[in-house]
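The structure file coords_13.cif is reproduced below (mmCIF, C-alpha atoms).
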```
data_query
loop_
_atom_site.label_atom_id
_atom_site.label_comp_id
_atom_site.auth_asym_id
_atom_site.auth_seq_id
_atom_site.Cartn_x
_atom_site.Cartn_y
_atom_site.Cartn_z
CA MET A 391 -78.63 -5.92 -30.75
CA VAL A 392 -80.77 -8.74 -29.54
CA PRO A 393 -83.13 -7.77 -26.75
CA ILE A 394 -83.89 -10.13 -23.88
CA SER A 395 -86.76 -12.15 -25.22
CA HIS A 396 -88.92 -14.43 -23.14
CA GLY A 397 -88.25 -17.65 -25.01
CA LYS A 398 -89.75 -20.41 -22.92
CA SER A 399 -87.27 -23.16 -23.70
CA TRP A 400 -84.38 -21.00 -22.62
CA LEU A 401 -85.94 -20.21 -19.29
CA VAL A 402 -87.01 -23.80 -18.68
CA GLN A 403 -83.51 -25.03 -19.32
CA LEU A 404 -82.02 -22.38 -17.08
CA VAL A 405 -84.44 -23.27 -14.31
CA ILE A 406 -83.63 -26.97 -14.60
CA LEU A 407 -79.91 -26.38 -14.63
CA CYS A 408 -80.15 -23.94 -11.72
CA PHE A 409 -81.95 -26.61 -9.78
CA ILE A 410 -79.22 -29.12 -10.60
CA LEU A 411 -76.63 -26.52 -9.64
CA GLY A 412 -78.36 -26.07 -6.31
CA VAL A 413 -78.35 -29.83 -5.79
CA LEU A 414 -74.67 -29.91 -6.67
CA PHE A 415 -73.98 -27.14 -4.19
CA ALA A 416 -75.81 -28.97 -1.45
CA LEU A 417 -74.10 -32.26 -2.23
CA THR A 418 -70.71 -30.60 -2.27
CA PHE A 419 -71.23 -28.99 1.11
CA LYS A 420 -72.51 -32.23 2.49
CA THR A 421 -69.67 -34.34 1.19
CA GLN A 422 -67.05 -31.80 2.17
CA ILE A 423 -68.27 -32.03 5.73
CA GLN A 424 -68.40 -35.81 5.41
CA ALA A 425 -64.87 -35.86 4.00
CA MET A 426 -63.64 -33.84 6.93
CA ARG A 427 -65.32 -36.24 9.30
CA GLU A 428 -63.79 -39.24 7.53
CA GLY A 429 -60.38 -37.57 7.58
CA ILE A 430 -59.94 -37.64 3.82
CA PRO A 431 -57.26 -35.10 2.98
CA ILE A 432 -58.73 -31.95 1.57
CA ARG A 433 -56.78 -30.80 -1.43
CA MET A 434 -53.87 -28.54 -0.53
CA ALA A 435 -54.29 -29.28 3.16
CA ASP A 436 -52.63 -32.23 4.83
CA ALA A 437 -54.18 -31.61 8.21
CA GLY A 438 -56.94 -34.06 7.44
CA SER A 439 -54.61 -36.90 6.64
CA LEU A 440 -52.69 -36.25 9.82
CA LEU A 441 -55.89 -36.38 11.78
CA LYS A 442 -56.84 -39.64 10.09
CA TYR A 443 -53.47 -41.10 10.95
CA ALA A 444 -53.85 -40.11 14.58
CA LYS A 445 -57.37 -41.52 14.66
CA ASP A 446 -56.28 -44.83 13.13
CA GLU A 447 -53.46 -45.06 15.60
CA ASN A 448 -55.85 -44.35 18.41
CA ILE A 449 -58.23 -47.07 17.27
CA LYS A 450 -55.35 -49.53 16.97
CA LEU A 451 -54.15 -48.77 20.47
CA GLN A 452 -57.64 -49.00 21.87
CA LYS A 453 -58.02 -52.44 20.31
CA GLU A 454 -54.69 -53.45 21.78
CA LEU A 455 -55.76 -52.20 25.16
CA ALA A 456 -59.00 -54.13 24.94
CA GLU A 457 -57.10 -57.28 24.03
CA GLN A 458 -54.69 -56.84 26.88
CA LYS A 459 -57.49 -56.24 29.31
CA GLN A 460 -59.20 -59.39 28.14
CA LEU A 461 -55.98 -61.32 28.54
CA THR A 462 -55.47 -59.97 32.03
CA GLU A 463 -58.98 -60.93 32.95
CA LYS A 464 -58.52 -64.39 31.54
CA MET A 465 -55.29 -64.85 33.39
CA ALA A 466 -56.77 -63.61 36.61
CA LYS A 467 -59.59 -66.10 36.23
CA GLU A 468 -57.19 -68.90 35.48
CA GLN A 469 -55.10 -67.96 38.45
CA ALA A 470 -58.14 -67.99 40.65
CA ASN A 471 -58.90 -71.47 39.43
CA GLY A 472 -55.27 -72.52 39.78
CA VAL A 473 -54.93 -73.61 36.18
CA VAL A 474 -52.32 -71.46 34.52
CA SER A 475 -51.13 -73.19 31.38
CA THR A 476 -47.42 -73.92 31.33
CA GLN A 477 -47.21 -72.57 27.80
CA ARG A 478 -48.36 -69.16 28.96
CA LEU A 479 -46.04 -69.23 31.91
CA GLU A 480 -43.18 -70.02 29.57
CA ASN A 481 -44.11 -67.13 27.32
CA ILE A 482 -44.25 -64.76 30.24
CA LEU A 483 -40.89 -66.01 31.42
CA LYS A 484 -39.42 -65.52 27.96
CA GLU A 485 -40.72 -61.97 27.76
CA SER A 486 -39.48 -61.16 31.23
CA LYS A 487 -36.06 -62.54 30.40
CA LEU A 488 -35.91 -60.43 27.26
CA LEU A 489 -36.84 -57.36 29.24
CA ALA A 490 -34.47 -58.16 32.06
CA GLY A 491 -31.62 -59.00 29.71
CA THR A 492 -30.91 -62.35 31.31
CA SER A 493 -30.94 -64.27 28.04
CA ARG A 494 -28.60 -64.19 25.07
CA VAL A 495 -30.35 -62.56 22.14
CA SER A 496 -29.69 -62.16 18.44
CA GLY A 497 -31.23 -60.14 15.65
CA PRO A 498 -30.63 -57.25 13.25
CA GLY A 499 -29.29 -53.97 14.49
CA VAL A 500 -26.33 -51.62 14.46
CA ILE A 501 -22.81 -51.56 15.84
CA VAL A 502 -21.63 -48.20 17.11
CA THR A 503 -17.94 -47.86 17.73
CA LEU A 504 -16.56 -45.07 19.89
CA ILE A 505 -12.87 -44.22 19.74
CA ASP A 506 -10.76 -41.31 20.89
CA SER A 507 -10.68 -38.69 18.18
CA PRO A 508 -7.99 -39.19 15.50
CA LYS A 509 -7.58 -35.41 15.57
CA ILE A 510 -5.85 -35.70 18.91
CA SER A 511 -2.12 -34.91 18.96
CA LYS A 512 0.53 -34.42 21.58
CA ASP A 513 0.60 -30.69 20.92
CA SER A 514 -3.11 -30.27 21.59
CA PRO A 515 -3.81 -28.12 24.61
CA ALA A 516 -5.24 -29.93 27.61
CA TYR A 517 -8.78 -28.60 27.28
CA GLU A 518 -8.88 -29.78 23.67
CA ILE A 519 -7.62 -33.23 24.55
CA ASP A 520 -10.38 -33.46 27.09
CA GLN A 521 -12.89 -32.83 24.30
CA LEU A 522 -11.34 -35.44 22.03
CA LEU A 523 -11.40 -38.37 24.46
CA VAL A 524 -14.32 -40.75 24.88
CA HIS A 525 -15.93 -40.13 28.25
CA TYR A 526 -18.40 -42.31 30.07
CA SER A 527 -21.03 -39.69 29.34
CA ASP A 528 -20.56 -40.23 25.61
CA ILE A 529 -21.34 -43.90 26.09
CA VAL A 530 -24.37 -43.06 28.22
CA LEU A 531 -25.67 -40.67 25.58
CA THR A 532 -25.12 -43.17 22.78
CA VAL A 533 -26.87 -45.96 24.67
CA ASN A 534 -29.70 -43.61 25.53
CA GLU A 535 -30.06 -42.57 21.90
CA LEU A 536 -30.15 -46.22 20.82
CA PHE A 537 -32.91 -47.09 23.29
CA ASN A 538 -34.73 -43.95 22.25
CA SER A 539 -34.55 -45.13 18.63
CA GLY A 540 -36.20 -48.41 19.53
CA ALA A 541 -33.32 -50.69 20.52
CA GLU A 542 -34.51 -53.85 22.26
CA ALA A 543 -31.15 -55.00 23.58
CA VAL A 544 -27.90 -53.08 23.94
CA SER A 545 -24.43 -54.08 25.05
CA VAL A 546 -21.24 -52.12 25.57
CA ASN A 547 -18.12 -54.21 24.96
CA GLU A 548 -20.22 -57.34 25.56
CA GLN A 549 -21.65 -55.95 28.78
CA ARG A 550 -25.43 -56.18 28.52
CA ILE A 551 -27.29 -53.01 29.46
CA VAL A 552 -30.01 -53.97 31.94
CA ALA A 553 -32.33 -52.18 34.32
CA ASN A 554 -29.72 -51.62 37.02
CA THR A 555 -26.72 -51.08 34.77
CA SER A 556 -24.47 -48.20 35.64
CA ILE A 557 -21.99 -46.63 33.28
CA ARG A 558 -19.44 -44.57 35.09
CA CYS A 559 -15.96 -43.27 35.00
CA ALA A 560 -13.33 -44.53 37.43
CA GLY A 561 -10.25 -42.57 36.60
CA THR A 562 -8.91 -43.76 33.26
CA PRO A 563 -11.08 -46.82 32.75
CA ILE A 564 -14.84 -46.78 32.26
CA LEU A 565 -17.00 -49.18 34.23
CA VAL A 566 -20.08 -50.79 32.74
CA ASN A 567 -21.93 -53.08 35.12
CA ASN A 568 -18.94 -52.47 37.40
CA ILE A 569 -16.70 -54.19 34.88
CA ARG A 570 -13.89 -52.31 33.17
CA VAL A 571 -14.26 -51.72 29.47
CA PHE A 572 -11.55 -50.38 27.19
CA PRO A 573 -11.48 -48.57 23.87
CA PRO A 574 -12.62 -49.07 21.26
CA TYR A 575 -16.04 -49.06 22.85
CA VAL A 576 -18.19 -51.32 20.73
CA ILE A 577 -21.86 -50.73 21.39
CA LYS A 578 -24.19 -53.31 19.87
CA ALA A 579 -27.89 -52.68 19.61
CA ILE A 580 -30.62 -55.00 18.34
CA GLY A 581 -33.67 -53.41 16.80
CA ASN A 582 -34.82 -51.99 13.50
CA ALA A 583 -31.42 -51.32 11.92
CA ASP A 584 -32.66 -48.42 9.81
CA ASP A 585 -34.30 -46.71 12.77
CA LEU A 586 -31.25 -47.14 14.95
CA TYR A 587 -28.94 -45.93 12.19
CA THR A 588 -31.09 -42.88 11.62
CA GLY A 589 -31.33 -42.21 15.35
CA ILE A 590 -27.56 -42.17 15.72
CA ASN A 591 -27.05 -40.10 12.57
CA MET A 592 -29.77 -37.61 13.43
CA PRO A 593 -28.47 -34.13 12.60
CA GLY A 594 -28.19 -32.19 15.79
CA GLY A 595 -28.77 -35.36 17.76
CA THR A 596 -27.16 -35.99 21.09
CA VAL A 597 -24.16 -37.75 19.56
CA ALA A 598 -23.78 -35.59 16.46
CA ASP A 599 -20.72 -33.78 17.82
CA LEU A 600 -18.94 -37.09 18.38
CA GLN A 601 -19.33 -37.83 14.69
CA VAL A 602 -17.94 -34.45 13.73
CA LEU A 603 -14.83 -35.23 15.74
CA GLY A 604 -14.51 -38.63 14.07
CA MET A 605 -15.07 -40.44 17.37
CA LEU A 606 -18.19 -42.34 16.38
CA SER A 607 -18.83 -44.76 13.56
CA VAL A 608 -21.97 -46.78 13.02
CA THR A 609 -22.69 -49.78 10.77
CA LYS A 610 -25.91 -51.65 10.08
CA GLU A 611 -25.78 -55.39 10.73
CA LYS A 612 -28.04 -58.19 9.48
CA LYS A 613 -27.39 -60.34 12.50
CA LEU A 614 -25.95 -59.45 15.86
CA GLU A 615 -25.54 -61.41 19.03
CA ILE A 616 -25.79 -59.77 22.41
CA PRO A 617 -24.81 -61.73 25.51
CA ALA A 618 -26.93 -62.12 28.59
CA TYR A 619 -26.41 -60.08 31.70
CA THR A 620 -24.03 -61.99 33.92
CA GLY A 621 -23.93 -59.83 37.02
CA SER A 622 -25.73 -60.43 40.26
CA SER A 623 -29.47 -60.12 40.37
CA LYS A 624 -30.03 -60.21 44.04
CA PHE A 625 -32.72 -57.88 45.28
CA THR A 626 -32.50 -57.13 48.97
CA TYR A 627 -34.64 -54.06 49.38
CA ALA A 628 -37.07 -54.02 46.49
CA LYS A 629 -40.05 -56.23 47.15
CA GLU A 630 -42.72 -56.95 44.61
CA GLU A 631 -46.13 -55.42 45.24
CA THR A 632 -48.92 -57.62 44.02
CA ASN A 633 -51.96 -55.69 42.94
CA MET B 764 -95.02 -7.03 -18.58
CA LYS B 765 -92.68 -5.79 -15.91
CA SER B 766 -93.95 -8.20 -13.25
CA GLY B 767 -93.60 -11.04 -15.74
CA ARG B 768 -89.95 -10.17 -16.25
CA VAL B 769 -89.28 -10.13 -12.54
CA LYS B 770 -90.90 -13.51 -12.21
CA SER B 771 -88.87 -14.99 -15.01
CA TYR B 772 -85.73 -13.86 -13.24
CA LEU B 773 -86.99 -15.35 -10.03
CA TYR B 774 -87.57 -18.86 -11.36
CA PRO B 775 -83.92 -19.90 -11.61
CA VAL B 776 -83.23 -18.47 -8.17
CA LEU B 777 -86.13 -20.43 -6.70
CA ALA B 778 -84.98 -23.55 -8.51
CA PHE B 779 -81.52 -23.04 -7.08
CA ALA B 780 -82.93 -22.70 -3.58
CA ALA B 781 -85.01 -25.84 -4.11
CA GLY B 782 -81.88 -27.67 -5.17
CA LEU B 783 -80.08 -26.48 -2.06
CA SER B 784 -82.76 -28.04 0.11
CA VAL B 785 -81.29 -31.43 -0.80
CA TYR B 786 -78.78 -30.59 1.90
CA PHE B 787 -81.37 -31.37 4.53
CA LEU B 788 -82.28 -34.79 3.17
CA PRO B 789 -81.06 -37.56 5.45
CA PHE B 790 -78.48 -39.32 3.29
CA GLN B 791 -74.73 -39.28 2.99
CA LEU B 792 -72.41 -39.61 0.02
CA PRO B 793 -68.91 -41.02 0.48
CA GLY B 794 -66.48 -38.31 1.54
CA LYS B 795 -64.14 -39.34 -1.27
CA TRP B 796 -66.48 -37.67 -3.74
CA ALA B 797 -66.06 -34.23 -2.22
CA GLY B 798 -63.22 -33.18 -4.50
CA TYR B 799 -64.97 -34.35 -7.65
CA LEU B 800 -68.33 -32.86 -6.74
CA SER B 801 -66.83 -29.45 -6.17
CA LEU B 802 -65.28 -29.58 -9.64
CA ALA B 803 -68.57 -30.67 -11.20
CA LEU B 804 -70.16 -27.75 -9.40
CA LEU B 805 -67.64 -25.39 -10.91
CA ALA B 806 -68.30 -26.81 -14.37
CA GLY B 807 -72.04 -26.33 -13.83
CA LEU B 808 -71.49 -22.74 -12.78
CA ASP B 809 -69.46 -22.21 -15.92
CA ALA B 810 -72.16 -23.70 -18.12
CA ILE B 811 -74.90 -21.57 -16.58
CA THR B 812 -72.96 -18.34 -16.81
CA GLY B 813 -72.04 -19.37 -20.35
CA GLY B 814 -75.70 -19.96 -21.17
CA VAL B 815 -76.82 -16.60 -19.81
CA ARG B 816 -74.01 -14.91 -21.67
CA ALA B 817 -74.94 -16.65 -24.94
CA ARG B 818 -78.53 -15.60 -24.42
CA LEU B 819 -77.54 -11.99 -23.96
CA GLN B 820 -75.26 -12.11 -26.98
CA GLY B 821 -78.00 -13.72 -29.02
CA ASN B 822 -76.23 -16.92 -29.99
CA PHE B 823 -77.87 -19.24 -27.52
CA GLU B 824 -78.37 -22.85 -28.59
CA ASP B 825 -80.19 -25.52 -26.64
CA PHE B 826 -77.77 -28.32 -27.39
CA VAL B 827 -74.68 -26.35 -26.54
CA PHE B 828 -76.13 -25.23 -23.24
CA LEU B 829 -77.43 -28.59 -22.01
CA SER B 830 -74.56 -30.71 -23.30
CA GLY B 831 -72.08 -28.17 -22.00
CA PHE B 832 -73.46 -28.43 -18.51
CA PHE B 833 -73.43 -32.20 -18.23
CA CYS B 834 -70.35 -32.93 -20.31
CA ASN B 835 -68.20 -30.33 -18.60
CA ALA B 836 -69.32 -31.41 -15.14
CA LEU B 837 -68.56 -35.05 -15.89
CA LEU B 838 -65.32 -34.24 -17.69
CA ALA B 839 -64.04 -32.06 -14.87
CA ALA B 840 -64.80 -34.74 -12.30
CA ALA B 841 -63.29 -37.44 -14.52
CA LEU B 842 -60.18 -35.36 -15.07
CA ALA B 843 -59.74 -34.90 -11.35
CA TYR B 844 -60.27 -38.62 -10.78
CA ILE B 845 -57.69 -39.57 -13.41
CA GLY B 846 -55.33 -37.02 -11.89
CA ASP B 847 -55.77 -38.65 -8.49
CA LEU B 848 -55.05 -42.06 -10.01
CA LEU B 849 -51.91 -40.74 -11.71
CA ARG B 850 -50.97 -38.66 -8.69
CA ILE B 851 -50.89 -35.52 -10.82
CA ASP B 852 -52.91 -32.49 -9.79
CA LEU B 853 -54.90 -32.56 -13.02
CA PHE B 854 -57.84 -30.97 -11.21
CA LEU B 855 -55.80 -27.77 -11.25
CA ALA B 856 -56.19 -27.65 -15.03
CA ALA B 857 -59.98 -27.86 -14.75
CA LEU B 858 -59.93 -25.40 -11.87
CA ILE B 859 -58.00 -22.75 -13.75
CA VAL B 860 -59.87 -23.13 -17.04
CA LEU B 861 -63.31 -23.19 -15.44
CA GLY B 862 -62.51 -20.42 -12.99
CA GLY B 863 -61.21 -18.22 -15.77
CA ARG B 864 -64.24 -18.92 -17.92
CA ILE B 865 -66.66 -18.12 -15.14
CA PHE B 866 -65.01 -14.76 -14.62
CA LEU B 867 -65.00 -14.10 -18.34
CA ASN B 868 -68.66 -15.07 -18.68
CA LEU B 869 -69.65 -12.90 -15.75
CA SER B 870 -67.85 -9.88 -17.11
CA ILE B 871 -69.43 -10.34 -20.54
CA ILE B 872 -72.85 -10.73 -18.92
CA ARG B 873 -72.29 -7.51 -17.03
CA VAL B 874 -71.19 -5.64 -20.14
CA GLU B 875 -74.04 -6.96 -22.30
CA PHE B 876 -76.60 -6.27 -19.61
CA LEU B 877 -75.46 -2.68 -19.19
CA LYS B 878 -75.30 -2.14 -22.96
CA GLN B 879 -78.84 -3.36 -23.45
CA ARG B 880 -80.21 -1.28 -20.62
CA ILE B 881 -78.56 1.88 -21.90
CA LYS B 882 -79.82 1.26 -25.43
CA LYS B 883 -83.28 0.31 -24.32
CA ASP B 884 -84.10 3.24 -22.07
CA PRO B 885 -83.73 6.08 -24.60
CA GLY B 886 -85.51 3.91 -27.15
CA ARG B 887 -88.54 3.55 -24.95
CA GLN B 888 -89.00 7.17 -24.21
#
```
Could you quickly redo this structure as structure tokens?
Amino acid sequence: MVPISHGKSWLVQLVILCFILGVLFALTFKTQIQAMREGIPIRMADAGSLLKYAKDENIKLQKELAEQKQLTEKMAKEQANGVVSTQRLENILKESKLLAGTSRVSGPGVIVTLIDSPKISKDSPAYEIDQLLVHYSDIVLTVNELFNSGAEAVSVNEQRIVANTSIRCAGTPILVNNIRVFPPYVIKAIGNADDLYTGINMPGGTVADLQVLGMLSVTKEKKLEIPAYTGSSKFTYAKEETN
Amino acid sequence: MKSGRVKSYLYPVLAFAAGLSVYFLPFQLPGKWAGYLSLALLAGLDAITGGVRARLQGNFEDFVFLSGFFCNALLAAALAYIGDLLRIDLFLAALIVLGGRIFLNLSIIRVEFLKQRIKKDPGRQ
């Protein structure tokens, strides 16, 4: 048995290493706190990375906001001076037309086709037949889902969906923009094709039951063309407020 | 004699406390280092418990103690870094080995300490 002796070198080394250990402890605490502040994911916990993502997004949006504010200011100044560049006016017009749906547009997207269910038969009871037919509400839901998934332009059987579009049922036919459309209902949507495809195919999504009944099919397209809105755009009651 | 012993036990503790005071110095390391530093810390803890244990068992060697501390700390951090590069949780390997060794060292220290106390007391009287 070796008793605890008081060898100096042993103690000196222990003291030195204990000091270094203390420093390491301090540094670790410090950097852990720093890491949390910087949003670096702590091992086995993804909360940090989520926070970082949210922060980055926030910064991006703030920058965007600042830019937009600057632009607004600039435009206001230009307007005050009466020198709005035609280029800018053109751009604004282009954007407004895109938003209003008054120009023909093309781009990638998806085509969603709605048909009456192939499961339908003459022997089906009435309540079942009702379930297996395409209703105007199915079209509304599909269009809504497409916009929700980031669609920038949508048409139903070549009828452009715009701000004052109505989709309704008038007996047997369905009216879109007050124009009759007939099956198959071909809904075109321009946007990120993958996003739109996923949105439509979302399990438990609003149109999932249509797919189960074989009433809905969706294909990704490289290039789609969506016509302009051709209906009237007369505004009698709504007046623009300028401020 | 007795007071001298108490003091000698106190030195490492004081040194540790002095090291901790670095926390209050006004500087900041990149947060990325946090994961590696904590592993280096674990390796250091392992080396120190290993050193104390070797001392108690009577097979303490300077080189093993000092090199063990620095090499293991660096190796553990390097392993974790390589693991991060390869997207493998290699740090887990260091974590398990070092953690296990610390526990082992501590239990041996406890056993040796108790043994020596029991043997010493009747011998003295």
| request: Name the closest residue to chain A among the candidates B:Ile881, B:Leu869, B:Ala803, B:Leu849; distances are taken between atoms, counting all atoms listed in the file. | output: B:Ala803
| field | Interface, chain A side, toward chain B (6 Å; only C-alpha atoms) as number ranges by chain | value | A: 392, 405, 408-409, 412-414, 416, 418, 421-422, 424-425
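Rounded to one decimal, CA of Val530 (chain A) and CA of Ser623 (chain A) lie 21.6 Å from each other.
When CA of Ala583 (chain A) is paired with CA of Glu542 (chain A), their separation reads 11.1 Å.
In this structure, CA of Asn538 (chain A) sits 11.4 Å away from CA of Ala579 (chain A).
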| request: For Asn568 (chain A), work out the shell of residues within 12 Å, counting only C-alpha atoms and skipping chain neighbours fewer than 4 positions away, then give it as a PyMOL selection string. | output: chain A and resi 549-551+554-560+563-564+620-622
| said: Give me, as a PyMOL selection string, all polymer residues having an atom no more than 9 Å from Tyr575 (chain A), counting only C-alpha atoms and skipping those fewer than 6 positions away in the same chain. | reply: chain A and resi 502-505+524+529+546-547
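Counting all atoms listed in the file and comparing B:Arg816, B:Phe826, B:Ala857, B:Gly862, the residue that lies closest to Tyr844 (chain B) is B:Ala857.
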Excluding Ser539 (chain A) and any residue of its chain fewer than 4 positions from it, enumerate the residues within 9 Å of it, using all atoms listed in the file, and give them as a tab-separated table (two decimals) with C-alpha atoms, in the frame of the given file.
```tsv
chain	number	residue	atom	x	y	z
A	534	ASN	CA	-29.70	-43.61	25.53
A	535	GLU	CA	-30.06	-42.57	21.90
A	581	GLY	CA	-33.67	-53.41	16.80
A	582	ASN	CA	-34.82	-51.99	13.50
A	585	ASP	CA	-34.30	-46.71	12.77
A	586	LEU	CA	-31.25	-47.14	14.95
A	587	TYR	CA	-28.94	-45.93	12.19
A	588	THR	CA	-31.09	-42.88	11.62
A	589	GLY	CA	-31.33	-42.21	15.35
A	590	ILE	CA	-27.56	-42.17	15.72
```
